[in-house]
>>> print(open('model_9.tsv').read())   # TSV, C-alpha atoms
chain	number	residue	atom	x	y	z
X	76	THR	CA	-12.22	-16.38	6.29
X	77	SER	CA	-13.24	-13.21	8.11
X	78	PRO	CA	-16.20	-10.87	8.43
X	79	PHE	CA	-13.74	-8.10	7.55
X	80	ALA	CA	-12.54	-9.44	4.21
X	81	PHE	CA	-13.78	-10.66	0.85
X	82	PRO	CA	-11.71	-13.69	-0.21
X	83	ILE	CA	-10.40	-14.17	-3.74
X	84	LEU	CA	-8.71	-17.36	-4.90
X	85	LEU	CA	-7.25	-16.85	-8.36
X	86	PRO	CA	-7.22	-19.80	-10.76
X	87	SER	CA	-3.78	-21.39	-10.95
X	88	LYS	CA	-3.64	-21.00	-14.75
X	89	THR	CA	-4.00	-17.21	-15.01
X	90	LYS	CA	-1.92	-15.07	-17.34
X	91	PHE	CA	-0.96	-12.85	-14.41
X	92	ARG	CA	0.38	-13.30	-10.91
X	93	ARG	CA	-1.33	-12.37	-7.67
X	94	LYS	CA	1.29	-9.62	-7.27
X	95	ASN	CA	0.09	-8.02	-10.53
X	96	LEU	CA	-3.44	-7.78	-9.14
X	97	GLN	CA	-2.24	-6.57	-5.74
X	98	ASP	CA	-0.10	-3.83	-7.31
X	99	PHE	CA	-2.91	-2.70	-9.59
X	100	LEU	CA	-5.37	-2.52	-6.71
X	101	SER	CA	-2.86	-0.71	-4.52
X	102	ARG	CA	-2.18	1.91	-7.22
X	103	ASN	CA	-5.94	2.47	-7.32
X	104	LYS	CA	-6.16	2.81	-3.52
X	105	VAL	CA	-7.77	-0.57	-2.86
X	106	GLU	CA	-5.98	-2.40	-0.06
X	107	THR	CA	-5.49	-6.15	0.00
X	108	ARG	CA	-4.21	-8.62	2.55
X	109	LEU	CA	-2.75	-12.08	2.26
X	110	LEU	CA	-3.90	-14.93	4.43
X	111	PHE	CA	-1.39	-15.89	7.07
X	112	GLY	CA	-1.51	-19.52	6.35
X	113	GLY	CA	-1.41	-21.36	3.13
X	114	ASN	CA	1.23	-24.01	3.41
X	115	LEU	CA	2.72	-23.43	6.85
X	116	THR	CA	5.16	-26.28	6.32
X	117	LYS	CA	6.99	-23.93	3.94
X	118	HIS	CA	7.04	-20.99	6.35
X	119	PRO	CA	10.60	-20.27	7.55
X	120	ALA	CA	9.58	-20.73	11.19
X	121	TYR	CA	8.49	-24.30	10.50
X	122	SER	CA	10.39	-25.51	7.45
X	123	LYS	CA	13.64	-25.77	9.41
X	124	ASN	CA	12.02	-27.30	12.50
X	125	LYS	CA	10.36	-30.43	11.15
X	126	LYS	CA	10.51	-32.00	14.59
X	127	TYR	CA	7.45	-29.87	15.50
X	128	TRP	CA	5.15	-31.22	12.79
X	129	GLU	CA	4.50	-34.20	10.62
X	130	SER	CA	3.32	-34.00	7.02
X	131	MET	CA	1.48	-36.69	5.13
X	132	GLY	CA	1.54	-36.43	1.35
X	133	GLU	CA	1.47	-33.26	-0.72
X	134	GLN	CA	-0.28	-30.08	0.38
X	135	THR	CA	-1.42	-28.91	-3.06
X	136	ASN	CA	-4.43	-26.96	-1.78
X	137	ALA	CA	-2.31	-25.22	0.83
X	138	ASP	CA	0.24	-24.34	-1.88
X	139	GLU	CA	-2.58	-22.94	-4.02
X	140	ILE	CA	-3.71	-20.69	-1.18
X	141	MET	CA	-0.14	-19.66	-0.46
X	142	HIS	CA	0.40	-18.49	-4.06
X	143	ASN	CA	-3.04	-17.41	-5.35
X	144	PHE	CA	-5.16	-16.17	-2.46
X	145	LEU	CA	-5.80	-12.60	-1.35
X	146	MET	CA	-8.46	-10.70	0.53
X	147	LEU	CA	-10.15	-7.36	-0.08
X	148	GLY	CA	-11.07	-5.44	3.03
X	149	VAL	CA	-14.74	-4.89	3.80
X	150	SER	CA	-16.38	-2.81	6.47
X	151	GLN	CA	-19.80	-1.83	7.71
X	152	VAL	CA	-19.02	1.73	6.57
X	153	ASN	CA	-18.55	0.71	2.93
X	154	THR	CA	-21.20	2.30	0.79
X	155	GLU	CA	-22.61	1.16	-2.50
X	156	GLU	CA	-20.33	3.75	-4.10
X	157	HIS	CA	-17.26	2.13	-2.50
X	158	MET	CA	-18.30	-1.29	-3.74
X	159	GLU	CA	-18.95	-0.01	-7.26
X	160	LYS	CA	-15.48	1.58	-7.28
X	161	VAL	CA	-13.81	-1.73	-6.37
X	162	ILE	CA	-15.86	-3.61	-8.97
X	163	ASP	CA	-14.93	-1.02	-11.59
X	164	ILE	CA	-11.22	-1.27	-10.73
X	165	LEU	CA	-11.37	-5.08	-10.89
X	166	ASP	CA	-13.09	-4.83	-14.29
X	167	GLN	CA	-10.28	-2.56	-15.51
X	168	PHE	CA	-7.70	-5.10	-14.36
X	169	TRP	CA	-9.46	-8.09	-16.00
X	170	LYS	CA	-9.62	-6.16	-19.31
X	171	LEU	CA	-5.84	-5.66	-19.24
X	172	TRP	CA	-5.31	-9.42	-19.18
>>> encode(input="model_9.tsv", output="structure tokens")
Amino acid sequence: TSPFAFPILLPSKTKFRRKNLQDFLSRNKVETRLLFGGNLTKHPAYSKNKKYWESMGEQTNADEIMHNFLMLGVSQVNTEEHMEKVIDILDQFWKLW
């Protein structure tokens, strides 16, 4: 999605919510971002103005992204030590669940 982020799409059948992971990472000083997107037909700017768009069928993949997708920031200044820290924090989270 971006050269500045590592995308993560969580399986829909996890025992935790994306917010649980985001909060855990934030407490451990790892920043995350959501994708502006997902199912835009459910965004308040568009959901009440259906005259501006037409939808065909269900948008299950877009819903999945809207609820289960997040990004970890990456940068050219990240060192191997930074990456190991993030991996270690993610391992700690997975072990909790």
>>> closest_residue(input="model_9.tsv", among="X:Val105, X:Leu100, X:Ala80, X:Ile164", to="Gly148 of chain X", atoms="all atoms listed in the file")
X:Ala80
>>> closest_residue(input="model_9.tsv", among="X:Thr107, X:Gln167, X:Gln97, X:Ser130", to="Phe79 of chain X", atoms="all atoms listed in the file")
X:Thr107
>>> atom_distance(input="model_9.tsv", atom1="atom CA of Leu109 of chain X", atom2="atom CA of Asn153 of chain X")
20.3 Å
>>> residues_around(input="model_9.tsv", residues="Lys88 of chain X", least_positions_apart="5", cutoff="12 Å", atoms="all atoms listed in the file", output="PyMOL selection string")
chain X and resi 93+139+142-143
>>> atom_distance(input="model_9.tsv", atom1="atom CA of His118 of chain X", atom2="atom CA of Asp138 of chain X")
11.2 Å
>>> atom_distance(input="model_9.tsv", atom1="atom CA of Phe144 of chain X", atom2="atom CA of Pro86 of chain X")
9.3 Å
>>> closest_residue(input="model_9.tsv", among="X:Phe91, X:Leu84, X:Pro78, X:Glu133", to="Lys170 of chain X", atoms="only C-alpha atoms")
X:Phe91
>>> closest_residue(input="model_9.tsv", among="X:Trp128, X:Asn136, X:Phe81, X:Met141", to="Met158 of chain X", atoms="all atoms listed in the file")
X:Phe81
>>> residues_near_point(input="model_9.tsv", point="(-8.7, -12.6, 5.1)", cutoff="6 Å", atoms="all atoms listed in the file", output="list in words")
Thr76, Ser77, Ala80, Leu110 and Met146 of chain X
